[in-house]
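S.K.: My file is coords25.txt. It has compact mmCIF, C-alpha atoms:
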# COMPACT_ATOMS: atom_id res chain seq x y z
CA MET A 1 -22.15 -16.17 17.81
CA LYS A 2 -19.49 -17.14 15.29
CA LEU A 3 -18.43 -14.75 12.57
CA HIS A 4 -16.28 -15.64 9.59
CA GLU A 5 -13.10 -13.64 10.25
CA THR A 6 -12.07 -13.19 6.60
CA SER A 7 -15.51 -11.94 5.60
CA VAL A 8 -15.71 -9.55 8.53
CA LEU A 9 -12.22 -8.17 7.84
CA GLY A 10 -13.14 -7.71 4.18
CA TYR A 11 -16.29 -5.85 5.17
CA SER A 12 -14.29 -3.59 7.50
CA ARG A 13 -12.10 -2.60 4.53
CA ALA A 14 -14.93 -2.10 2.03
CA ALA A 15 -14.44 0.73 -0.45
CA ALA A 16 -17.96 2.04 0.17
CA PRO A 17 -18.05 4.79 2.78
CA PRO A 18 -19.20 3.74 6.25
CA ASP A 19 -22.62 4.81 7.53
CA ARG A 20 -20.81 6.87 10.18
CA GLN A 21 -17.20 7.25 11.23
CA GLY A 22 -15.24 9.18 13.78
CA ARG A 23 -13.47 9.16 17.10
CA LEU A 24 -15.10 7.67 20.18
CA TYR A 25 -13.77 6.72 23.59
CA LYS A 26 -14.42 3.14 24.66
CA LYS A 27 -14.28 2.18 28.32
CA SER A 28 -11.94 -0.69 29.02
CA GLU A 29 -13.27 -3.95 30.45
CA ARG A 30 -10.24 -4.25 32.73
CA SER A 31 -10.02 -0.72 34.12
CA SER A 32 -12.10 2.41 34.47
CA ALA A 33 -10.07 4.22 31.81
CA TYR A 34 -11.45 5.24 28.43
CA GLN A 35 -9.38 4.43 25.36
CA ARG A 36 -9.47 6.61 22.28
CA ARG A 37 -10.64 4.62 19.24
CA TRP A 38 -11.37 5.29 15.58
CA CYS A 39 -14.84 3.86 14.88
CA GLU A 40 -16.74 3.01 11.72
CA LEU A 41 -20.38 1.95 11.58
CA ARG A 42 -21.12 -0.40 8.67
CA GLY A 43 -24.62 -1.79 8.64
CA ASN A 44 -25.18 -3.34 12.06
CA LEU A 45 -21.47 -3.67 12.89
CA LEU A 46 -19.42 -1.09 14.79
CA PHE A 47 -15.73 -1.62 14.03
CA TYR A 48 -13.06 0.06 16.14
CA TRP A 49 -9.33 0.59 15.57
CA GLU A 50 -6.59 2.02 17.73
CA ARG A 51 -5.92 4.73 15.11
CA GLN A 52 -7.52 5.89 11.89
CA GLY A 53 -5.88 4.10 8.97
CA ASP A 54 -4.85 0.96 10.89
CA ARG A 55 -5.17 -2.12 8.70
CA GLU A 56 -7.08 -4.45 11.03
CA PRO A 57 -9.70 -3.45 13.59
CA LEU A 58 -9.11 -4.17 17.26
CA GLY A 59 -12.67 -5.45 17.47
CA LEU A 60 -16.27 -5.06 16.51
CA ILE A 61 -19.57 -4.68 18.28
CA LEU A 62 -22.59 -6.42 16.78
CA LEU A 63 -25.51 -4.06 17.21
CA GLU A 64 -28.36 -6.49 16.57
CA GLY A 65 -30.70 -6.61 19.56
CA CYS A 66 -28.94 -3.81 21.43
CA THR A 67 -30.24 -0.69 23.09
CA VAL A 68 -28.30 2.56 23.15
CA GLU A 69 -28.87 4.80 26.15
CA LEU A 70 -27.39 8.09 27.28
CA GLN A 71 -25.28 7.73 30.44
CA GLU A 72 -24.11 11.30 30.96
CA SER A 73 -22.95 12.50 34.33
CA ALA A 74 -20.99 15.50 35.61
CA THR A 75 -17.80 13.42 35.75
CA GLU A 76 -18.33 11.63 32.41
CA PRO A 77 -19.92 13.95 29.84
CA PHE A 78 -21.11 12.82 26.38
CA THR A 79 -21.31 9.14 27.38
CA PHE A 80 -23.70 6.42 26.25
CA GLU A 81 -23.99 2.67 26.70
CA ILE A 82 -24.63 -0.12 24.22
CA SER A 83 -26.31 -3.00 26.06
CA TYR A 84 -28.28 -6.14 25.29
CA PRO A 85 -31.39 -6.43 27.48
CA GLN A 86 -32.50 -9.65 25.74
CA GLY A 87 -29.01 -11.17 25.81
CA PRO A 88 -27.74 -13.83 28.16
CA PRO A 89 -27.23 -12.82 31.80
CA GLY A 90 -23.89 -11.14 32.32
CA HIS A 91 -23.55 -10.19 28.64
CA ARG A 92 -21.13 -7.32 28.23
CA ALA A 93 -22.33 -3.74 27.89
CA TYR A 94 -20.10 -1.21 26.14
CA LYS A 95 -19.67 2.24 27.63
CA MET A 96 -18.64 4.84 25.06
CA ALA A 97 -18.04 8.58 25.05
CA ALA A 98 -17.97 11.17 22.28
CA GLU A 99 -15.92 14.34 22.09
CA ASP A 100 -18.90 16.72 22.20
CA GLN A 101 -22.70 16.90 22.43
CA ALA A 102 -23.35 16.99 18.67
CA SER A 103 -21.11 14.00 18.03
CA MET A 104 -22.73 12.02 20.86
CA GLU A 105 -26.23 12.72 19.52
CA GLY A 106 -25.20 11.69 16.01
CA TRP A 107 -23.62 8.44 17.19
CA VAL A 108 -26.57 7.55 19.43
CA ARG A 109 -29.02 8.16 16.57
CA ALA A 110 -26.91 6.14 14.10
CA LEU A 111 -26.31 3.22 16.47
CA SER A 112 -29.97 3.10 17.55
CA THR A 113 -31.10 2.65 13.96
CA ALA A 114 -28.38 0.24 12.80
CA SER A 115 -30.18 -3.06 13.22
CA PHE A 116 -32.32 -5.27 11.05
CA ASP A 117 -34.98 -5.11 13.79
CA TYR A 118 -35.18 -1.35 13.24
CA LEU A 119 -35.36 -1.78 9.46
CA ARG A 120 -38.09 -4.39 9.88
CA ALA A 121 -40.13 -2.01 12.06
CA LEU A 122 -39.58 0.79 9.55
CA LEU A 123 -40.65 -1.52 6.74
CA MET A 124 -43.86 -2.39 8.59
CA GLU A 125 -44.57 1.30 9.16
CA LEU A 126 -43.99 2.10 5.48
CA GLU A 127 -46.15 -0.84 4.46
CA GLY A 128 -48.97 0.51 6.64
CA GLN A 129 -48.62 3.94 5.05
CA TYR A 130 -48.53 2.33 1.60
CA ARG A 131 -51.75 0.41 2.29
CA ALA A 132 -53.43 3.46 3.85
CA SER A 133 -52.62 5.59 0.81
CA GLY A 134 -54.79 3.30 -1.31
CA ALA A 135 -52.25 3.51 -4.14
CA LEU A 136 -52.49 -0.23 -4.76
CA GLY A 137 -54.30 -3.07 -3.11
CA THR A 138 -51.12 -5.09 -2.60
CA THR A 139 -47.69 -4.47 -1.17
CA PRO A 140 -44.51 -4.85 -3.23
CA LEU A 141 -43.76 -8.15 -1.47
CA GLU A 142 -47.21 -9.46 -2.33
CA GLU A 143 -46.73 -8.33 -5.94
CA ARG A 144 -43.36 -10.09 -6.07
CA ALA A 145 -44.87 -13.27 -4.63
CA ALA A 146 -47.59 -13.17 -7.28
CA ARG A 147 -45.04 -12.75 -10.10
CA GLY A 148 -42.47 -15.30 -8.89
CA GLY A 149 -44.59 -17.47 -6.70
CA LEU A 150 -44.38 -17.76 -2.95
CA ALA A 151 -41.02 -19.53 -3.19
CA GLY A 152 -39.39 -16.48 -4.81
CA ALA A 153 -40.66 -14.09 -2.15
CA GLN A 154 -39.90 -16.50 0.69
CA ALA A 155 -36.32 -17.02 -0.56
CA GLY A 156 -35.84 -13.26 -0.51
CA ILE A 157 -36.91 -13.09 3.13
CA GLU A 158 -35.06 -16.14 4.42
CA GLY A 159 -31.87 -15.93 2.31
CA HIS A 160 -28.54 -14.76 3.65
CA GLN A 161 -29.03 -11.26 2.29
CA PRO A 162 -32.24 -9.37 3.15
CA TRP A 163 -34.44 -8.94 0.08
CA TRP A 164 -34.69 -5.19 0.61
CA SER A 165 -30.92 -4.62 0.34
CA ALA A 166 -30.09 -7.10 -2.41
CA GLY A 167 -27.25 -5.76 -4.49
CA THR A 168 -27.17 -2.21 -3.14
CA GLY A 169 -24.18 -2.39 -0.85
CA LYS A 170 -25.57 0.74 0.82
CA TRP A 171 -27.76 0.46 3.88
CA GLY A 172 -29.24 3.95 3.57
CA GLN A 173 -30.77 3.24 0.18
CA SER A 174 -32.18 -0.18 0.98
CA ILE A 175 -35.63 0.89 2.20
CA CYS A 176 -36.25 2.86 -1.00
CA GLN A 177 -35.85 -0.31 -3.01
CA ILE A 178 -38.81 -2.09 -1.46
CA PHE A 179 -41.09 -0.10 -3.73
CA THR A 180 -39.15 -0.90 -6.89
CA LEU A 181 -39.07 -4.69 -6.73
Please lay out the structure from this file as structure tokens.
M.R.:
Amino acid sequence: MKLHETSVLGYSRAAAPPDRQGRLYKKSERSSAYQRRWCELRGNLLFYWERQGDREPLGLILLEGCTVELQESATEPFTFEISYPQGPPGHRAYKMAAEDQASMEGWVRALSTASFDYLRALLMELEGQYRASGALGTTPLEERAARGGLAGAQAGIEGHQPWWSAGTGKWGQSICQIFTL
């Protein structure tokens, strides 16, 4: 996958606070050693730097389509792995470690819910609850389609920016906006 470097670097420096930030240890591809990294989760991207405050990240991990699983052992406590079961054969998995149990649990929870697939599943669940409540006979997307025509609703779904996060700049608030279209 190609990413536009300038856009990604700009996003890594965004003034808005990250969804989660802190120190993690990332296992090197070349050796069995863990390297201490400052990490910031922004949407479905996990950026990592050598030190907090560095200008440019060393890299990023795209979290779309990943699974996050605990990998703890007696010799490597507080570890988890980011892998891609639906990815191409031989696709890299990232082994990470936190400094303590609470930090590991927080990172695993945040990383597991940082994808558009998760938001889509959450949206479907909320839509089911919305329909079951009987509040209205139509969903907000159906109401929007009726007001602006199918083209308006379809553009919101297929455009570059998901219709449920348009203009917020904050991932945590995006789901709430589906009911205020």
S.K.: Excluding same-chain residues fewer than 2 positions from region 11-26 of chain A, what lies within 8 Å of it counting all atoms listed in the file, as an mmCIF file with C-alpha atoms, in the coordinates of the input?
M.R.:
data_model
loop_
_atom_site.group_PDB
_atom_site.id
_atom_site.type_symbol
_atom_site.label_atom_id
_atom_site.label_comp_id
_atom_site.auth_asym_id
_atom_site.auth_seq_id
_atom_site.Cartn_x
_atom_site.Cartn_y
_atom_site.Cartn_z
ATOM 1 C CA SER A 7 -15.510 -11.940 5.600
ATOM 2 C CA VAL A 8 -15.710 -9.550 8.530
ATOM 3 C CA LEU A 9 -12.220 -8.170 7.840
ATOM 4 C CA SER A 28 -11.940 -0.690 29.020
ATOM 5 C CA TYR A 34 -11.450 5.240 28.430
ATOM 6 C CA GLN A 35 -9.380 4.430 25.360
ATOM 7 C CA ARG A 36 -9.470 6.610 22.280
ATOM 8 C CA ARG A 37 -10.640 4.620 19.240
ATOM 9 C CA TRP A 38 -11.370 5.290 15.580
ATOM 10 C CA CYS A 39 -14.840 3.860 14.880
ATOM 11 C CA GLU A 40 -16.740 3.010 11.720
ATOM 12 C CA LEU A 41 -20.380 1.950 11.580
ATOM 13 C CA ARG A 42 -21.120 -0.400 8.670
ATOM 14 C CA GLY A 43 -24.620 -1.790 8.640
ATOM 15 C CA PHE A 47 -15.730 -1.620 14.030
ATOM 16 C CA PRO A 57 -9.700 -3.450 13.590
ATOM 17 C CA TYR A 94 -20.100 -1.210 26.140
ATOM 18 C CA LYS A 95 -19.670 2.240 27.630
ATOM 19 C CA MET A 96 -18.640 4.840 25.060
ATOM 20 C CA ALA A 97 -18.040 8.580 25.050
ATOM 21 C CA ALA A 98 -17.970 11.170 22.280
ATOM 22 C CA GLU A 99 -15.920 14.340 22.090
ATOM 23 C CA TRP A 107 -23.620 8.440 17.190
ATOM 24 C CA ALA A 110 -26.910 6.140 14.100
ATOM 25 C CA GLY A 169 -24.180 -2.390 -0.850
ATOM 26 C CA LYS A 170 -25.570 0.740 0.820
ATOM 27 C CA TRP A 171 -27.760 0.460 3.880
ATOM 28 C CA GLY A 172 -29.240 3.950 3.570
#
S.K.: Have a look at CA of Cys66 (chain A) and CA of Arg109 (chain A) and let me know their distance in Å, one decimal.
M.R.: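 Computed distance, CA of Cys66 (chain A) to CA of Arg109 (chain A), equals 12.9 Å.
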S.K.: Tell me, in Å to one decimal, how far CA of Gly90 (chain A) is from CA of Leu70 (chain A).
M.R.: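 Atom-to-atom, CA of Gly90 (chain A) and CA of Leu70 (chain A) are spaced 20.2 Å apart.
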S.K.: For CA of Glu72 (chain A) and CA of Ser112 (chain A), quote the distance in Å rounded to one decimal.
M.R.: 16.8 Å
S.K.: Rank A:Ala145, A:Val108, A:Met124, A:Ile82 by their smallest atom-to-atom distance to Glu64 (chain A), using all atoms listed in the file, and report the top residue only.
M.R.: A:Ile82
S.K.: Kindly indicate which residue among A:Glu142, A:Glu125, A:Asp100, A:Glu81 lies nearest to Leu63 (chain A), using only C-alpha atoms for the distances.
M.R.: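 Answer, going by the shortest atom-to-atom distance: A:Glu81.
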S.K.: Box along x, y and z, 4 Å on every side, all listed atoms of region 98-104 of chain A inside: centre and edge lengths in Å to one decimal, as JSON.
M.R.:
{"center_x": -19.6, "center_y": 14.1, "center_z": 20.2, "size_x": 15.4, "size_y": 13.8, "size_z": 12.4}
S.K.: Find the residues near Arg92 (chain A): any atom within 10 Å, counting all atoms listed in the file, skip ones fewer than 3 places away on the same chain, and give them as a ChimeraX atom specification.
M.R.: /A:29,82-84,87-89,95
S.K.: Name the closest residue to Ser115 (chain A) among the candidates A:Thr6, A:Asn44, A:Gln71, A:Gln86; distances are taken between atoms, counting only C-alpha atoms.
M.R.: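 Ranking A:Thr6, A:Asn44, A:Gln71, A:Gln86 by distance to Ser115 (chain A), first place goes to A:Asn44.
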